[in-house]
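Q: Just input15.cif, nothing more (mmCIF, C-alpha atoms):
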data_run
loop_
_atom_site.group_PDB
_atom_site.id
_atom_site.type_symbol
_atom_site.label_atom_id
_atom_site.label_comp_id
_atom_site.auth_asym_id
_atom_site.auth_seq_id
_atom_site.Cartn_x
_atom_site.Cartn_y
_atom_site.Cartn_z
ATOM 1 C CA MET A 505 7.057 34.402 37.250
ATOM 2 C CA SER A 506 8.308 37.603 35.627
ATOM 3 C CA PHE A 507 11.694 38.785 36.849
ATOM 4 C CA HIS A 508 13.008 41.407 34.444
ATOM 5 C CA VAL A 509 16.176 43.446 34.882
ATOM 6 C CA ASP A 510 17.820 45.710 32.304
ATOM 7 C CA LEU A 511 21.330 45.321 30.942
ATOM 8 C CA PRO A 512 23.108 48.391 29.579
ATOM 9 C CA VAL A 513 25.746 48.171 26.859
ATOM 10 C CA ILE A 514 28.918 48.190 28.907
ATOM 11 C CA GLY A 515 31.383 48.066 26.042
ATOM 12 C CA ARG A 516 35.108 47.539 26.050
ATOM 13 C CA THR A 517 37.431 49.211 28.515
ATOM 14 C CA PRO A 518 38.262 52.772 27.416
ATOM 15 C CA PRO A 519 41.506 53.179 25.438
ATOM 16 C CA GLY A 520 44.370 54.194 27.691
ATOM 17 C CA ALA A 521 42.587 53.140 30.882
ATOM 18 C CA GLY A 522 44.857 52.361 33.814
ATOM 19 C CA ARG A 523 44.927 48.944 35.422
ATOM 20 C CA GLN A 524 42.628 49.810 38.317
ATOM 21 C CA GLU A 525 40.167 51.459 35.952
ATOM 22 C CA VAL A 526 40.171 48.325 33.786
ATOM 23 C CA ILE A 527 39.574 46.088 36.790
ATOM 24 C CA ALA A 528 36.725 48.302 38.028
ATOM 25 C CA HIS A 529 35.175 48.241 34.540
ATOM 26 C CA LEU A 530 35.319 44.435 34.408
ATOM 27 C CA LYS A 531 34.004 44.021 37.951
ATOM 28 C CA GLU A 532 30.951 46.174 37.314
ATOM 29 C CA GLY A 533 30.426 44.627 33.876
ATOM 30 C CA ALA A 534 30.456 41.117 35.323
ATOM 31 C CA ARG A 535 28.041 42.136 38.080
ATOM 32 C CA LEU A 536 25.542 43.488 35.552
ATOM 33 C CA ILE A 537 25.968 40.432 33.333
ATOM 34 C CA ARG A 538 25.208 38.176 36.299
ATOM 35 C CA ARG A 539 22.023 40.138 37.102
ATOM 36 C CA LYS A 540 20.749 39.636 33.574
ATOM 37 C CA ASP A 541 21.843 35.999 33.469
ATOM 38 C CA LEU A 542 19.774 35.372 36.591
ATOM 39 C CA SER A 543 16.795 37.180 35.074
ATOM 40 C CA ASN A 544 17.023 35.147 31.867
ATOM 41 C CA VAL A 545 17.081 31.817 33.720
ATOM 42 C CA VAL A 546 14.115 32.734 35.906
ATOM 43 C CA ASN A 547 11.989 34.010 33.018
ATOM 44 C CA ALA A 548 12.881 31.178 30.654
ATOM 45 C CA GLY A 549 12.328 28.481 33.265
ATOM 46 C CA MET A 550 15.552 26.774 32.255
ATOM 47 C CA GLY A 551 19.288 27.245 32.233
ATOM 48 C CA HIS A 552 22.491 26.131 33.919
ATOM 49 C CA ILE A 553 22.948 28.989 36.315
ATOM 50 C CA GLY A 554 25.701 27.489 38.484
ATOM 51 C CA GLY A 555 28.135 26.929 35.628
ATOM 52 C CA GLU A 556 27.126 30.205 34.004
ATOM 53 C CA LEU A 557 27.958 32.223 37.084
ATOM 54 C CA SER A 558 31.326 30.495 37.439
ATOM 55 C CA ILE A 559 32.565 31.594 33.993
ATOM 56 C CA ILE A 560 31.189 35.136 33.710
ATOM 57 C CA ASP A 561 34.384 36.770 35.019
ATOM 58 C CA VAL A 562 36.398 34.917 32.357
ATOM 59 C CA LEU A 563 33.950 35.866 29.594
ATOM 60 C CA ALA A 564 33.796 39.491 30.722
ATOM 61 C CA THR A 565 37.593 39.771 30.771
ATOM 62 C CA LEU A 566 37.842 38.383 27.252
ATOM 63 C CA TYR A 567 34.965 40.232 25.572
ATOM 64 C CA LEU A 568 35.193 43.535 27.438
ATOM 65 C CA HIS A 569 38.967 43.846 27.308
ATOM 66 C CA GLU A 570 41.398 41.208 26.116
ATOM 67 C CA ALA A 571 40.083 39.519 22.986
ATOM 68 C CA ASN A 572 40.233 41.373 19.675
ATOM 69 C CA ILE A 573 36.490 40.980 19.052
ATOM 70 C CA THR A 574 34.103 43.865 18.402
ATOM 71 C CA ALA A 575 30.776 44.363 16.660
ATOM 72 C CA ASP A 576 32.691 45.894 13.741
ATOM 73 C CA ASN A 577 35.176 43.061 13.142
ATOM 74 C CA LEU A 578 33.076 39.887 13.323
ATOM 75 C CA ASP A 579 33.855 39.202 9.655
ATOM 76 C CA ASP A 580 37.569 40.000 9.961
ATOM 77 C CA PRO A 581 39.585 36.781 9.539
ATOM 78 C CA ASP A 582 42.282 38.175 11.847
ATOM 79 C CA ARG A 583 39.942 38.753 14.803
ATOM 80 C CA ASP A 584 40.541 36.630 17.882
ATOM 81 C CA ARG A 585 38.289 33.637 18.459
ATOM 82 C CA VAL A 586 36.526 32.637 21.687
ATOM 83 C CA ILE A 587 34.818 29.241 21.687
ATOM 84 C CA LEU A 588 32.497 28.264 24.533
ATOM 85 C CA SER A 589 32.929 24.508 24.603
ATOM 86 C CA LYS A 590 30.644 24.080 27.625
ATOM 87 C CA GLY A 591 27.712 25.098 25.446
ATOM 88 C CA HIS A 592 25.079 24.522 28.136
ATOM 89 C CA ALA A 593 26.285 27.856 29.603
ATOM 90 C CA ALA A 594 25.103 29.678 26.461
ATOM 91 C CA ASN A 595 23.024 32.125 28.486
ATOM 92 C CA ALA A 596 26.217 33.576 29.978
ATOM 93 C CA LEU A 597 27.698 33.925 26.488
ATOM 94 C CA TYR A 598 24.645 35.705 25.048
ATOM 95 C CA THR A 599 24.448 38.041 28.021
ATOM 96 C CA THR A 600 28.143 38.893 27.723
ATOM 97 C CA PHE A 601 27.606 39.511 23.989
ATOM 98 C CA ALA A 602 24.919 42.058 24.824
ATOM 99 C CA ALA A 603 27.125 43.750 27.410
ATOM 100 C CA ALA A 604 29.896 44.005 24.805
ATOM 101 C CA GLY A 605 27.563 45.410 22.153
ATOM 102 C CA LEU A 606 27.572 42.310 19.951
ATOM 103 C CA LEU A 607 23.855 41.604 20.526
ATOM 104 C CA GLU A 608 20.826 43.757 21.276
ATOM 105 C CA ALA A 609 20.058 43.479 24.982
ATOM 106 C CA ALA A 610 16.305 43.334 24.293
ATOM 107 C CA GLU A 611 16.782 40.030 22.493
ATOM 108 C CA LEU A 612 17.969 38.398 25.717
ATOM 109 C CA ASP A 613 14.342 38.329 26.858
ATOM 110 C CA THR A 614 13.669 35.752 24.114
ATOM 111 C CA PHE A 615 16.169 33.243 25.541
ATOM 112 C CA VAL A 616 15.010 29.679 24.610
ATOM 113 C CA GLN A 617 11.563 30.940 23.590
ATOM 114 C CA PRO A 618 9.949 29.438 20.448
ATOM 115 C CA GLY A 619 11.535 30.923 17.336
ATOM 116 C CA SER A 620 14.358 32.622 19.246
ATOM 117 C CA ARG A 621 17.919 32.608 17.938
ATOM 118 C CA LEU A 622 19.106 32.253 21.505
ATOM 119 C CA ASN A 623 18.943 28.498 21.941
ATOM 120 C CA GLY A 624 19.979 26.608 25.041
ATOM 121 C CA HIS A 625 23.226 25.834 23.222
ATOM 122 C CA PRO A 626 24.956 28.359 20.935
ATOM 123 C CA ALA A 627 24.630 28.042 17.153
ATOM 124 C CA ARG A 628 27.081 29.864 14.893
ATOM 125 C CA THR A 629 24.627 30.076 11.998
ATOM 126 C CA LYS A 630 22.114 31.942 14.146
ATOM 127 C CA VAL A 631 24.056 34.358 16.352
ATOM 128 C CA PRO A 632 26.922 36.483 14.959
ATOM 129 C CA GLY A 633 29.942 36.130 17.225
ATOM 130 C CA VAL A 634 29.315 32.480 18.077
ATOM 131 C CA GLU A 635 32.319 30.660 16.625
ATOM 132 C CA ALA A 636 31.151 27.052 16.977
ATOM 133 C CA ASN A 637 28.030 25.023 17.663
ATOM 134 C CA THR A 638 28.664 23.444 21.044
ATOM 135 C CA GLY A 639 26.525 21.281 23.259
ATOM 136 C CA PRO A 640 27.833 17.725 23.028
ATOM 137 C CA LEU A 641 30.785 18.107 25.362
ATOM 138 C CA GLY A 642 34.306 17.528 24.119
ATOM 139 C CA HIS A 643 33.803 19.266 20.766
ATOM 140 C CA GLY A 644 34.969 22.821 21.459
ATOM 141 C CA LEU A 645 38.640 22.092 22.079
ATOM 142 C CA PRO A 646 39.096 20.031 18.884
ATOM 143 C CA ILE A 647 37.393 22.807 16.899
ATOM 144 C CA ALA A 648 39.652 25.401 18.532
ATOM 145 C CA VAL A 649 42.724 23.345 17.620
ATOM 146 C CA GLY A 650 41.609 23.337 13.994
ATOM 147 C CA ASP A 651 41.032 27.084 14.082
ATOM 148 C CA ALA A 652 44.446 27.726 15.617
ATOM 149 C CA LEU A 653 46.120 25.510 13.024
ATOM 150 C CA ALA A 654 44.299 27.387 10.240
ATOM 151 C CA ALA A 655 45.598 30.664 11.674
ATOM 152 C CA LYS A 656 49.153 29.339 11.515
ATOM 153 C CA ILE A 657 48.685 28.219 7.916
ATOM 154 C CA ASP A 658 47.152 31.581 6.968
ATOM 155 C CA GLY A 659 49.824 33.579 8.773
ATOM 156 C CA SER A 660 47.105 35.260 10.826
ATOM 157 C CA PRO A 661 47.950 36.958 14.156
ATOM 158 C CA ARG A 662 44.674 35.856 15.726
ATOM 159 C CA ARG A 663 44.594 33.965 19.006
ATOM 160 C CA VAL A 664 42.068 31.239 19.787
ATOM 161 C CA PHE A 665 40.625 30.934 23.291
ATOM 162 C CA VAL A 666 38.435 27.968 24.228
ATOM 163 C CA LEU A 667 36.563 27.657 27.523
ATOM 164 C CA THR A 668 35.856 24.127 28.707
ATOM 165 C CA GLY A 669 34.280 22.653 31.794
ATOM 166 C CA ASP A 670 36.399 20.452 34.042
ATOM 167 C CA GLY A 671 33.876 17.595 33.922
ATOM 168 C CA GLU A 672 33.997 17.953 30.156
ATOM 169 C CA LEU A 673 37.646 16.879 30.179
ATOM 170 C CA GLN A 674 36.450 13.346 30.852
ATOM 171 C CA GLU A 675 35.666 13.206 27.121
ATOM 172 C CA GLY A 676 38.488 11.474 25.245
ATOM 173 C CA SER A 677 38.293 13.784 22.230
ATOM 174 C CA ASN A 678 39.862 16.521 24.356
ATOM 175 C CA TRP A 679 43.009 14.497 24.978
ATOM 176 C CA GLU A 680 43.447 13.729 21.296
ATOM 177 C CA ALA A 681 43.152 17.458 20.647
ATOM 178 C CA LEU A 682 45.681 18.249 23.388
ATOM 179 C CA MET A 683 48.225 15.898 21.817
ATOM 180 C CA PHE A 684 47.705 17.265 18.318
ATOM 181 C CA ALA A 685 47.913 20.914 19.421
ATOM 182 C CA ALA A 686 51.272 20.340 21.092
ATOM 183 C CA GLN A 687 52.567 18.380 18.095
ATOM 184 C CA GLN A 688 51.635 21.316 15.819
ATOM 185 C CA LYS A 689 53.205 23.859 18.207
ATOM 186 C CA LEU A 690 50.008 25.927 18.389
ATOM 187 C CA ASP A 691 51.197 28.683 20.704
ATOM 188 C CA ASN A 692 48.306 30.863 19.457
ATOM 189 C CA LEU A 693 45.875 28.563 21.279
ATOM 190 C CA CYS A 694 44.706 28.988 24.882
ATOM 191 C CA ALA A 695 42.457 26.485 26.654
ATOM 192 C CA VAL A 696 40.758 27.799 29.794
ATOM 193 C CA VAL A 697 39.359 25.152 32.138
ATOM 194 C CA ASP A 698 36.467 26.180 34.382
ATOM 195 C CA ARG A 699 37.833 24.255 37.371
ATOM 196 C CA ASN A 700 34.892 24.378 39.768
ATOM 197 C CA HIS A 701 35.199 20.660 40.693
ATOM 198 C CA LEU A 702 31.476 20.073 40.105
ATOM 199 C CA GLN A 703 29.473 18.556 37.276
ATOM 200 C CA GLN A 704 25.911 17.393 36.887
ATOM 201 C CA GLY A 705 25.046 15.416 39.996
ATOM 202 C CA ALA A 706 28.450 15.066 41.683
ATOM 203 C CA THR A 707 31.993 16.324 42.092
ATOM 204 C CA THR A 708 34.516 15.649 39.363
ATOM 205 C CA GLU A 709 36.610 13.738 41.891
ATOM 206 C CA ASP A 710 33.760 11.347 42.667
ATOM 207 C CA THR A 711 32.896 10.909 38.992
ATOM 208 C CA ASN A 712 36.278 10.572 37.290
ATOM 209 C CA ASP A 713 39.142 12.258 39.104
ATOM 210 C CA LEU A 714 41.181 14.616 36.906
ATOM 211 C CA THR A 715 44.015 15.260 39.354
ATOM 212 C CA PRO A 716 46.818 16.056 38.851
ATOM 213 C CA LEU A 717 45.375 18.058 35.953
ATOM 214 C CA ASP A 718 48.336 20.400 35.619
ATOM 215 C CA ASP A 719 50.868 17.560 35.392
ATOM 216 C CA LYS A 720 48.725 15.796 32.786
ATOM 217 C CA ALA A 721 48.528 18.912 30.600
ATOM 218 C CA ARG A 722 52.303 19.446 30.894
ATOM 219 C CA ALA A 723 52.905 15.842 29.919
ATOM 220 C CA PHE A 724 50.854 16.474 26.793
ATOM 221 C CA GLY A 725 53.162 19.360 25.866
ATOM 222 C CA TRP A 726 51.215 22.414 27.047
ATOM 223 C CA GLU A 727 52.383 25.438 29.012
ATOM 224 C CA VAL A 728 50.305 25.396 32.214
ATOM 225 C CA ALA A 729 49.165 28.261 34.434
ATOM 226 C CA HIS A 730 46.862 28.448 37.446
ATOM 227 C CA VAL A 731 44.596 31.454 37.990
ATOM 228 C CA ASP A 732 41.781 32.528 40.288
ATOM 229 C CA ALA A 733 38.816 32.669 37.892
ATOM 230 C CA HIS A 734 37.234 35.503 39.887
ATOM 231 C CA ASP A 735 40.331 37.720 40.170
ATOM 232 C CA TYR A 736 40.250 40.219 37.297
ATOM 233 C CA GLY A 737 43.865 41.255 37.705
ATOM 234 C CA ALA A 738 45.021 37.644 37.578
ATOM 235 C CA LEU A 739 42.859 36.951 34.518
ATOM 236 C CA LEU A 740 44.188 40.046 32.744
ATOM 237 C CA ASP A 741 47.761 38.957 33.371
ATOM 238 C CA ALA A 742 47.145 35.356 32.289
ATOM 239 C CA PHE A 743 45.431 36.290 29.016
ATOM 240 C CA ALA A 744 47.935 39.035 28.184
ATOM 241 C CA ARG A 745 50.732 36.431 28.346
ATOM 242 C CA VAL A 746 49.186 34.292 25.574
ATOM 243 C CA PRO A 747 51.251 32.939 23.835
ATOM 244 C CA ALA A 748 52.842 32.030 27.176
ATOM 245 C CA ALA A 749 55.661 29.980 25.631
ATOM 246 C CA SER A 750 56.974 29.863 22.086
ATOM 247 C CA GLY A 751 55.831 26.709 20.331
ATOM 248 C CA ARG A 752 53.590 25.544 23.187
ATOM 249 C CA PRO A 753 49.822 26.048 23.572
ATOM 250 C CA THR A 754 48.619 27.544 26.857
ATOM 251 C CA PHE A 755 46.501 25.607 29.367
ATOM 252 C CA ILE A 756 44.960 27.865 32.034
ATOM 253 C CA ILE A 757 43.363 26.127 35.005
ATOM 254 C CA ALA A 758 40.862 28.745 36.173
ATOM 255 C CA HIS A 759 39.915 27.892 39.753
ATOM 256 C CA SER A 760 36.279 28.917 40.081
ATOM 257 C CA HIS A 761 33.233 28.443 42.268
ATOM 258 C CA LYS A 762 30.028 27.148 40.756
ATOM 259 C CA GLY A 763 27.277 29.670 41.484
ATOM 260 C CA HIS A 764 29.720 32.463 42.377
ATOM 261 C CA PRO A 765 29.148 34.909 44.058
ATOM 262 C CA ILE A 766 25.656 33.958 45.295
ATOM 263 C CA SER A 767 26.079 32.660 48.848
ATOM 264 C CA PHE A 768 23.505 29.852 48.709
ATOM 265 C CA MET A 769 24.475 28.723 45.191
ATOM 266 C CA SER A 770 28.256 28.743 45.512
ATOM 267 C CA ASP A 771 29.941 25.310 45.372
ATOM 268 C CA SER A 772 26.583 23.526 45.452
ATOM 269 C CA VAL A 773 25.955 20.558 43.125
ATOM 270 C CA PRO A 774 22.155 21.042 42.694
ATOM 271 C CA TRP A 775 22.690 24.483 41.153
ATOM 272 C CA HIS A 776 24.108 22.905 38.003
ATOM 273 C CA HIS A 777 20.632 23.309 36.533
ATOM 274 C CA ARG A 778 18.248 23.968 39.406
ATOM 275 C CA LEU A 779 15.877 26.920 38.936
ATOM 276 C CA PRO A 780 15.596 29.614 41.634
ATOM 277 C CA THR A 781 12.270 30.186 43.315
ATOM 278 C CA GLU A 782 10.944 33.754 43.358
ATOM 279 C CA GLU A 783 12.264 34.182 46.887
ATOM 280 C CA GLU A 784 15.701 32.796 45.934
ATOM 281 C CA ALA A 785 15.891 34.960 42.811
ATOM 282 C CA THR A 786 15.087 38.065 44.829
ATOM 283 C CA ARG A 787 17.709 37.144 47.398
ATOM 284 C CA ALA A 788 20.311 36.481 44.693
ATOM 285 C CA LEU A 789 19.591 39.818 43.031
ATOM 286 C CA SER A 790 19.923 41.550 46.395
ATOM 287 C CA GLU A 791 23.347 39.955 46.906
ATOM 288 C CA LEU A 792 24.451 41.149 43.459
ATOM 289 C CA GLU A 793 23.206 44.665 44.189
ATOM 290 C CA ALA A 794 25.304 44.681 47.369
ATOM 291 C CA LEU A 795 28.452 44.176 45.251
ATOM 292 C CA LYS A 796 28.220 47.680 43.714
#
Would you write the structure of this file as structure tokens?

A:
Amino acid sequence: MSFHVDLPVIGRTPPGAGRQEVIAHLKEGARLIRRKDLSNVVNAGMGHIGGELSIIDVLATLYLHEANITADNLDDPDRDRVILSKGHAANALYTTFAAAGLLEAAELDTFVQPGSRLNGHPARTKVPGVEANTGPLGHGLPIAVGDALAAKIDGSPRRVFVLTGDGELQEGSNWEALMFAAQQKLDNLCAVVDRNHLQQGATTEDTNDLTPLDDKARAFGWEVAHVDAHDYGALLDAFARVPAASGRPTFIIAHSHKGHPISFMSDSVPWHHRLPTEEEATRALSELEALK
């Protein structure tokens, strides 16, 4: 079925904007990004809509406000880095790129089509702004550690943000990276965990329980913070504090809801990669319109 919605270029928050203006800008930006994300999934006939919806507020806060990333500085070695380790949520990344002016919005309609640059997992050689090829889980955090270490060696002021899934932390490569980052005192590194407690087919607790995740990260030498992943003020404060502690990388546990804010998708395991019917897509779009 055809289910097209437009996405305007939202851009970064205006210089000098007050806190409430910033929050309003991010809220509306994230709403429009979600509309287009939904449209892309429906038209492409594939996607991971639940985990895309859960991270859009984080991505919007980074690309529309906090991270030093613009269309004009993608070749600047001192720009910030954002790595989407949970690469199956690439649709959310591309859509946020378009909202931020890093990608033409019209290209979103080619998502996963033959010959498109917008693959189901992001590829850095195809899409400017993508910092790492991710898809096999457990790769993004080690890459981010290397990038943060390179920044230290180069004397660069850039910060490195990496967004992982919570189920993804079951991969052992992440824990090696956590140890190494603390050993190297990479306080320019921030790992954000999409803590929605769900993964493909089950809860994280039923699959391989991560609790107590905060105590584990502290034991590995990281500065730990908890944040509501859908609270723009809390996200702004958490990201603005990075580096949160001198000589310690930052580990933000972003408590989210898979499928947020769609009522019938939220916190539901099947929506990891289930496709909406026409009726469900229309209902979801109506719920997003009601958030204006």

Q: Any idea what's packed within 9 Å of Val666 (chain A), counting only C-alpha atoms, ignoring anything in its chain fewer than 3 positions away? Could you give it as a list of chain:residue names?

A: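 Here the answer would be A:Arg585, A:Val586, A:Ile587, A:Leu588, A:Ser589, A:Gly644, A:Leu645, A:Ala648, A:Leu693, A:Cys694, A:Ala695, A:Val696, A:Val697.
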
Q: Just the number, please: distance in Å from CA of His761 (chain A) to CA of Gly555 (chain A), one decimal.

A: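 If I compute the distance from CA of His761 (chain A) to CA of Gly555 (chain A), I get 8.5 Å.
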
Q: Could you tell me how far CA of His776 (chain A) sits from CA of Arg621 (chain A), in Å to one decimal place?

A: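 That distance, rounded to one decimal, is 23.1 Å.
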
Q: Using the chain letters and numbers from the file, give me the residues hit by the PyMOL selection byres ((chain A and resi 714) around 9), as a list in words.

A: Asp670, Gly671, Leu673, Gln674, Thr708, Glu709, Asn712, Asp713, Thr715, Pro716, Leu717 and Lys720 of chain A

Q: Which residues are close to Arg778 (chain A), i.e. within 10 Å by only C-alpha atoms, leaving aside same-chain residues fewer than 6 positions away? Reply as a PyMOL selection string.

A: chain A and resi 545+549-554+769
